[in-house]
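A.B. asks: Got a structure for you, questions after.
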Amino acid sequence: MCGIVGYIGAQQAQPILLDSLHRLEYRGYDSAGIAVVGDTLQVEKCAGKVSALEAKHPHFSGTWGIGHTRWATHGPPTDSNAHPFLDATGQFALIHNGIIENYQGLRQELVTAGVPLTSQTDSEVLVQLIARADKGDTLAAVRSVLNRVEGSYGIVVIHRGRQELVAARNQSPLVIGLSTGEQFVASDIPAMLRYTNEMVYLQDGQLARLTPSSVEISDLAGASVPLRSETITWNAEDAERGGYEHFMLKEIFEQPKAILETMLERVPDLDLGLETVRLPRRIRLVACGTAFHAAMLGKVLMEQIAGIPSEAILASEFTFSGAVGEPGLVIAISQSGETLDTLSAVREARRRGAQVVAVCNVMGSTLTRETEHVLMTRAGPEIGVAATKTFTSQLVALYLLAAYLGRRNRHLEAEQVSRLVAELRRLPRLVQGVLDNHQAIQMTAEWIASAKDAFFIGRQFNYPTALEGALKLKEISYIHAEGYAAGELKHGPIALFGKDTPVIAIVPKDETYAKMINAIRESGARGTPVIAIATEGDQEVAQVADIVIRIPESEPRLSPVLATVALQLLSYYVAKYRGCEIDKPRNLAKSVTVE
Ligand code: F6R
């Protein structure tokens, strides 16, 4: 995700800003930049790493400034889209994390007023508006603009003639580091730990004015807020993981935010920027690994919600499939956008005339550069090798895409689309409900930790969930696990069932329920311990399963997201119990760039 740093004090700002940016590199980013106030407001920025920025040899003299690493969401990673942004008169510089939801309207207002814009980002709009609102008080100008802004932001603003940093936060973290005669601000604590461990967490809707000798906090209405600082006792490595023991756990817990950001600006209107996609008669979804499980659910969604016959094809098998030569639409799903099997499938499909929509988490990756249509997931960088938040964000992108195509295809009534979208908007809260249950899931992990084999079963929407649950468990705990459509048990796998082969059954209250209960009974009859992932309030399931992990009630098509989060936690705790190296499982790479 994007990183923010700021410094004001008596030392030279540039080396501190660059050092702090390096300390945020673990988060992943695609561009970097700094602005320092000396005799003038000096800015250097570029696409690429902080080292690429340093290679430009900025020599900025000045004792206050800001720095940024960007993870592209609006506009590709280019020099002009990198932060900081200057306003048209060169008085103000701004850095921004987050997404401004109503930026189209604000941008239009600036265009109409004749303000020249230099980037494709939502962030630049903020600095232009602040400059236009300014009457000599940066804090007041920032406050008046933020009162018109919808969306998430962590921002820091500087003015070339005022010795202060002005920061503000809404749903995007910002922390102030206090010291004597100097102050720091950053999106993440590790950026500042070398300089101070006295931190103030800015809250949503709060603004701060930092000078070398003071920090004042106020809210959007202008009321002042008392300063409360905390002393951080973590070391830098703990801090990178935000206090979580592993990146995987941190990323599992980031899912409400990742899902929310993937929907921001796009709901309720299903504004996906895909107007030029021609309505296909047939869809093929291609992907690998976890992303393929998203493709499998995507197939069902495209057929049910969009009314378009669809097929999910493993990217590595695509060129051998009979469907390779068909025109129509290919949806390529990839977290990294660099998986060679997926890229090869896309290249072949394009060569044969198909249109391609990429669902991808890394803007500027090969996949996003090589496809004409892109629907970004906005999960932020994923550092744990096992995919977690990017998978559920892919599912959300596919719900949106299916609803969008369904509306265009007139397969859904407007009313049905609105109902689905309304349910989707509840999803971050429902996912939080699953996360809040993590202790119960942790206790269940002990049941599986000594098993050699485990079986995951589900039906319909949750057949892909079963496959994903099994993949997650085997990847990080090294327990052999298989996922099955529950109806398949009696056709073979049940021969293996016994007291040492736990079965994890996904049993939401939907039309598959009765058959899932039968599958659990069949398993239980072989002495198999059964763990059910079931809907809150369902009493019946407790009579047939040994343990029940509860997920909130949801629209049936959305239950895979909730069940997946529970299964991610289960795998995580099993792996932890077994002492595995969770973030870097053996033999696996985060991005597979060989065929
Ligand atoms: C599993 C996992 C892999 C990836 C697969 C595709 O946890 O991460 O199975 O899903 O290698 O990677 P992307 O999505 O980057 O194309």
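In the structure tokens, chains take the letters A, B, ... in the order shown, each chain's residues start at 1, and ligands count up from 1 in the order shown.
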Counting only C-alpha atoms and all ligand atoms, which residues of chain A fall within 9 Å of ligand 1, and what is the closest atom pair for each with its distance in Å at one decimal, ordered by chain and rising number, as a tab-separated table?

C.D. replies:
residue	atom	partner	partner_atom_place_in_ligand_line	distance
A:Ala287	CA	ligand 1	16 (O)	6.4
A:Cys288	CA	ligand 1	6 (C)	4.6
A:Gly289	CA	ligand 1	9 (O)	3.3
A:Thr290	CA	ligand 1	10 (O)	3.7
A:Ala291	CA	ligand 1	10 (O)	4.7
A:Phe292	CA	ligand 1	10 (O)	7.2
A:His293	CA	ligand 1	10 (O)	8.5
A:Ala332	CA	ligand 1	16 (O)	8.9
A:Ile333	CA	ligand 1	14 (O)	6.5
A:Ser334	CA	ligand 1	14 (O)	3.5
A:Gln335	CA	ligand 1	14 (O)	3.6
A:Ser336	CA	ligand 1	15 (O)	3.6
A:Gly337	CA	ligand 1	15 (O)	5.7
A:Glu338	CA	ligand 1	15 (O)	6.3
A:Thr339	CA	ligand 1	16 (O)	4.6
A:Leu340	CA	ligand 1	16 (O)	8.0
A:Asp341	CA	ligand 1	16 (O)	8.2
A:Thr342	CA	ligand 1	16 (O)	6.6
A:Leu343	CA	ligand 1	16 (O)	8.8
A:Cys360	CA	ligand 1	14 (O)	7.7
A:Asn361	CA	ligand 1	14 (O)	8.4
A:Gly384	CA	ligand 1	8 (O)	8.6
A:Val385	CA	ligand 1	8 (O)	5.9
A:Ala386	CA	ligand 1	7 (O)	3.4
A:Ala387	CA	ligand 1	7 (O)	3.9
A:Thr388	CA	ligand 1	7 (O)	6.9
A:Thr390	CA	ligand 1	14 (O)	7.9
A:Phe391	CA	ligand 1	10 (O)	7.8
A:Glu468	CA	ligand 1	7 (O)	8.3
A:Leu471	CA	ligand 1	1 (C)	7.0
A:Lys472	CA	ligand 1	7 (O)	6.0
A:Glu475	CA	ligand 1	7 (O)	7.0
A:Ile476	CA	ligand 1	7 (O)	8.7
A:Leu588	CA	ligand 1	3 (C)	8.5
A:Ala589	CA	ligand 1	11 (O)	7.7
A:Lys590	CA	ligand 1	8 (O)	6.3
A:Ser591	CA	ligand 1	15 (O)	5.4
A:Val592	CA	ligand 1	11 (O)	5.8

A.B. asks: For N, CA, C and O atoms, I'd like the residues from the last selection saved as a compact mmCIF listing (two decimals), in the first residue's frame.

C.D. replies:
# COMPACT_ATOMS: atom_id res chain seq x y z
N ALA A 287 -6.90 -18.67 -14.68
CA ALA A 287 -6.10 -18.29 -13.51
C ALA A 287 -5.38 -19.53 -13.00
O ALA A 287 -5.58 -20.64 -13.52
N CYS A 288 -4.55 -19.34 -11.99
CA CYS A 288 -3.82 -20.45 -11.36
C CYS A 288 -4.03 -20.44 -9.85
O CYS A 288 -4.23 -19.37 -9.26
N GLY A 289 -3.90 -21.59 -9.26
CA GLY A 289 -3.87 -21.70 -7.80
C GLY A 289 -5.10 -21.11 -7.14
O GLY A 289 -6.25 -21.36 -7.55
N THR A 290 -4.86 -20.31 -6.13
CA THR A 290 -5.95 -19.67 -5.41
C THR A 290 -6.82 -18.84 -6.34
O THR A 290 -8.05 -18.84 -6.25
N ALA A 291 -6.17 -18.13 -7.25
CA ALA A 291 -6.93 -17.29 -8.19
C ALA A 291 -7.84 -18.16 -9.05
O ALA A 291 -8.92 -17.72 -9.48
N PHE A 292 -7.43 -19.41 -9.28
CA PHE A 292 -8.30 -20.31 -10.05
C PHE A 292 -9.56 -20.65 -9.25
O PHE A 292 -10.64 -20.81 -9.81
N HIS A 293 -9.42 -20.73 -7.94
CA HIS A 293 -10.63 -20.98 -7.13
C HIS A 293 -11.59 -19.79 -7.24
O HIS A 293 -12.80 -19.97 -7.24
N ALA A 332 -9.09 -12.82 -16.87
CA ALA A 332 -7.83 -13.37 -16.34
C ALA A 332 -7.66 -12.84 -14.93
O ALA A 332 -7.67 -11.63 -14.71
N ILE A 333 -7.49 -13.75 -13.98
CA ILE A 333 -7.44 -13.35 -12.57
C ILE A 333 -6.04 -13.65 -12.03
O ILE A 333 -5.57 -14.79 -12.11
N SER A 334 -5.41 -12.63 -11.50
CA SER A 334 -4.06 -12.84 -10.94
C SER A 334 -3.75 -11.77 -9.92
O SER A 334 -3.87 -10.58 -10.20
N GLN A 335 -3.35 -12.19 -8.75
CA GLN A 335 -2.93 -11.23 -7.73
C GLN A 335 -1.75 -10.42 -8.22
O GLN A 335 -1.77 -9.21 -8.24
N SER A 336 -0.69 -11.14 -8.64
CA SER A 336 0.57 -10.47 -8.97
C SER A 336 0.56 -9.84 -10.35
O SER A 336 1.28 -8.86 -10.59
N GLY A 337 -0.22 -10.41 -11.27
CA GLY A 337 -0.16 -9.94 -12.65
C GLY A 337 1.12 -10.37 -13.35
O GLY A 337 1.43 -9.88 -14.44
N GLU A 338 1.87 -11.28 -12.74
CA GLU A 338 3.15 -11.71 -13.32
C GLU A 338 3.21 -13.22 -13.50
O GLU A 338 4.25 -13.74 -13.89
N THR A 339 2.13 -13.93 -13.20
CA THR A 339 2.16 -15.39 -13.30
C THR A 339 2.24 -15.79 -14.77
O THR A 339 1.34 -15.46 -15.56
N LEU A 340 3.31 -16.48 -15.13
CA LEU A 340 3.56 -16.70 -16.55
C LEU A 340 2.48 -17.55 -17.20
O LEU A 340 2.08 -17.30 -18.34
N ASP A 341 1.98 -18.56 -16.50
CA ASP A 341 0.91 -19.38 -17.08
C ASP A 341 -0.30 -18.52 -17.46
O ASP A 341 -0.90 -18.69 -18.52
N THR A 342 -0.64 -17.59 -16.58
CA THR A 342 -1.80 -16.73 -16.84
C THR A 342 -1.49 -15.78 -18.00
O THR A 342 -2.33 -15.57 -18.89
N LEU A 343 -0.29 -15.24 -18.00
CA LEU A 343 0.09 -14.33 -19.08
C LEU A 343 0.08 -15.07 -20.42
O LEU A 343 -0.40 -14.54 -21.43
N CYS A 360 -6.80 -7.88 -11.24
CA CYS A 360 -5.41 -7.91 -10.80
C CYS A 360 -5.21 -6.99 -9.61
O CYS A 360 -5.92 -6.00 -9.45
N ASN A 361 -4.20 -7.30 -8.80
CA ASN A 361 -3.96 -6.49 -7.60
C ASN A 361 -2.77 -5.55 -7.74
O ASN A 361 -2.53 -4.73 -6.88
N GLY A 384 2.71 -12.18 2.82
CA GLY A 384 2.64 -13.62 3.10
C GLY A 384 2.50 -14.35 1.77
O GLY A 384 1.77 -13.89 0.88
N VAL A 385 3.21 -15.47 1.62
CA VAL A 385 3.17 -16.17 0.32
C VAL A 385 1.77 -16.71 0.04
O VAL A 385 1.29 -16.66 -1.09
N ALA A 386 1.09 -17.21 1.05
CA ALA A 386 -0.26 -17.75 0.82
C ALA A 386 -1.24 -16.59 0.59
O ALA A 386 -1.31 -15.67 1.39
N ALA A 387 -1.98 -16.68 -0.49
CA ALA A 387 -2.93 -15.61 -0.81
C ALA A 387 -4.11 -15.63 0.16
O ALA A 387 -4.69 -16.69 0.41
N THR A 388 -4.44 -14.50 0.71
CA THR A 388 -5.59 -14.41 1.62
C THR A 388 -6.49 -13.25 1.20
O THR A 388 -7.50 -13.43 0.54
N THR A 390 -6.10 -11.07 -1.01
CA THR A 390 -6.25 -10.86 -2.46
C THR A 390 -7.31 -11.80 -3.01
O THR A 390 -8.01 -11.46 -3.96
N PHE A 391 -7.46 -12.99 -2.41
CA PHE A 391 -8.48 -13.93 -2.88
C PHE A 391 -9.88 -13.38 -2.63
O PHE A 391 -10.72 -13.33 -3.53
N GLU A 468 -10.21 -24.19 -1.92
CA GLU A 468 -9.30 -23.15 -1.40
C GLU A 468 -8.91 -23.47 0.05
O GLU A 468 -7.75 -23.28 0.44
N LEU A 471 -6.26 -26.10 -0.12
CA LEU A 471 -4.98 -25.57 -0.62
C LEU A 471 -4.27 -24.79 0.49
O LEU A 471 -3.06 -24.93 0.70
N LYS A 472 -5.03 -23.96 1.20
CA LYS A 472 -4.42 -23.14 2.24
C LYS A 472 -3.80 -24.03 3.30
O LYS A 472 -2.68 -23.81 3.74
N GLU A 475 -0.61 -25.82 1.96
CA GLU A 475 0.50 -24.89 1.71
C GLU A 475 1.26 -24.52 2.98
O GLU A 475 2.47 -24.48 2.98
N ILE A 476 0.51 -24.18 4.02
CA ILE A 476 1.23 -23.60 5.16
C ILE A 476 1.44 -24.56 6.32
O ILE A 476 2.30 -24.32 7.15
N LEU A 588 7.67 -22.70 -2.10
CA LEU A 588 6.69 -21.82 -2.77
C LEU A 588 7.26 -20.42 -2.98
O LEU A 588 8.07 -19.95 -2.18
N ALA A 589 6.81 -19.78 -4.04
CA ALA A 589 7.22 -18.39 -4.30
C ALA A 589 5.96 -17.54 -4.41
O ALA A 589 4.89 -18.04 -4.77
N LYS A 590 6.08 -16.29 -4.10
CA LYS A 590 4.91 -15.41 -4.14
C LYS A 590 4.45 -15.20 -5.57
O LYS A 590 3.26 -15.03 -5.84
N SER A 591 5.38 -15.15 -6.47
CA SER A 591 5.01 -14.88 -7.86
C SER A 591 5.70 -15.92 -8.72
O SER A 591 6.92 -16.10 -8.64
N VAL A 592 4.91 -16.66 -9.53
CA VAL A 592 5.47 -17.80 -10.27
C VAL A 592 5.67 -17.39 -11.72
O VAL A 592 4.73 -17.39 -12.51

A.B. asks: Which residues come within 12 Å of Leu227 in chain A, counting only C-alpha atoms, excluding same-chain residues fewer than 3 positions away, as a list in words?

C.D. replies: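 Skipping anything fewer than 3 positions along the chain leaves Ile176, Gly177, Leu178, Glu198, Met199, Val200, Tyr201, Leu202, Gln203, Gln206, Leu207, Ala208, Arg209, Ser214, Val215, Glu216, Ile217, Ser218, Ser224 and Glu230 of chain A.
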
A.B. asks: For the residues in that selection, give me N, CA and C atoms as a tab-separated table (two decimals), in the first residue's frame.

C.D. replies:
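Full text of part37.tsv as output:
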chain	number	residue	atom	x	y	z
A	176	ILE	N	1.68	10.09	14.40
A	176	ILE	CA	2.61	11.20	14.59
A	176	ILE	C	3.68	10.76	15.58
A	177	GLY	N	4.93	11.01	15.25
A	177	GLY	CA	6.04	10.67	16.14
A	177	GLY	C	6.53	11.94	16.82
A	178	LEU	N	6.51	11.94	18.17
A	178	LEU	CA	6.89	13.14	18.91
A	178	LEU	C	8.35	13.09	19.33
A	198	GLU	N	7.71	7.62	20.73
A	198	GLU	CA	6.56	8.28	21.37
A	198	GLU	C	5.56	8.63	20.25
A	199	MET	N	4.44	7.93	20.22
A	199	MET	CA	3.56	8.04	19.05
A	199	MET	C	2.16	8.52	19.44
A	200	VAL	N	1.56	9.28	18.54
A	200	VAL	CA	0.16	9.68	18.67
A	200	VAL	C	-0.58	9.11	17.47
A	201	TYR	N	-1.59	8.28	17.72
A	201	TYR	CA	-2.37	7.72	16.61
A	201	TYR	C	-3.47	8.71	16.25
A	202	LEU	N	-3.39	9.25	15.06
A	202	LEU	CA	-4.47	10.14	14.61
A	202	LEU	C	-5.71	9.27	14.35
A	203	GLN	N	-6.87	9.78	14.72
A	203	GLN	CA	-8.12	9.02	14.53
A	203	GLN	C	-8.85	9.54	13.29
A	206	GLN	N	-9.73	13.36	12.13
A	206	GLN	CA	-8.86	14.31	12.85
A	206	GLN	C	-7.80	14.91	11.93
A	207	LEU	N	-7.41	16.14	12.27
A	207	LEU	CA	-6.34	16.84	11.55
A	207	LEU	C	-5.26	17.21	12.56
A	208	ALA	N	-4.04	17.37	12.07
A	208	ALA	CA	-2.96	17.75	12.97
A	208	ALA	C	-2.11	18.82	12.32
A	209	ARG	N	-1.64	19.78	13.17
A	209	ARG	CA	-0.66	20.76	12.69
A	209	ARG	C	0.64	20.51	13.47
A	214	SER	N	5.70	21.88	18.37
A	214	SER	CA	4.33	21.62	18.84
A	214	SER	C	3.57	20.69	17.90
A	215	VAL	N	2.57	20.01	18.48
A	215	VAL	CA	1.61	19.24	17.69
A	215	VAL	C	0.22	19.57	18.22
A	216	GLU	N	-0.65	20.06	17.35
A	216	GLU	CA	-2.04	20.33	17.77
A	216	GLU	C	-2.95	19.46	16.95
A	217	ILE	N	-3.96	18.90	17.62
A	217	ILE	CA	-4.92	18.05	16.90
A	217	ILE	C	-6.30	18.67	17.01
A	218	SER	N	-7.05	18.59	15.91
A	218	SER	CA	-8.42	19.11	15.92
A	218	SER	C	-9.28	18.19	15.06
A	224	SER	N	-10.73	21.47	19.14
A	224	SER	CA	-9.41	20.89	19.40
A	224	SER	C	-9.55	19.59	20.20
A	230	GLU	N	1.52	7.43	23.06
A	230	GLU	CA	1.83	6.11	23.60
A	230	GLU	C	3.29	5.79	23.31

A.B. asks: So, counting only C-alpha atoms, which residue among A:Leu270, A:Val286, A:Val565, A:Glu372 is closest to Ser344 in chain A?

C.D. replies: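 Looking at the shortest contact to Ser344 in chain A, the residue is A:Val286.
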
A.B. asks: Kindly indicate which residue among A:Pro464, A:Val225, A:Ala349, A:Arg281 lies nearest to Ala294 in chain A, using only C-alpha atoms for the distances.

C.D. replies: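 Counting only C-alpha atoms, the residue closest to Ala294 in chain A is A:Pro464.
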
A.B. asks: Please return, as a ChimeraX atom specification, all residues of range 393-501 of chain A that DSSP assigns to strand (DSSP E or B) on the basis of the backbone.

C.D. replies: /A:453-458,480-485

A.B. asks: Take CA of Leu314 in chain A and CA of Ala295 in chain A and report the distance between them in Å, one decimal.

C.D. replies: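 Between these atoms lies a distance of 8.8 Å.
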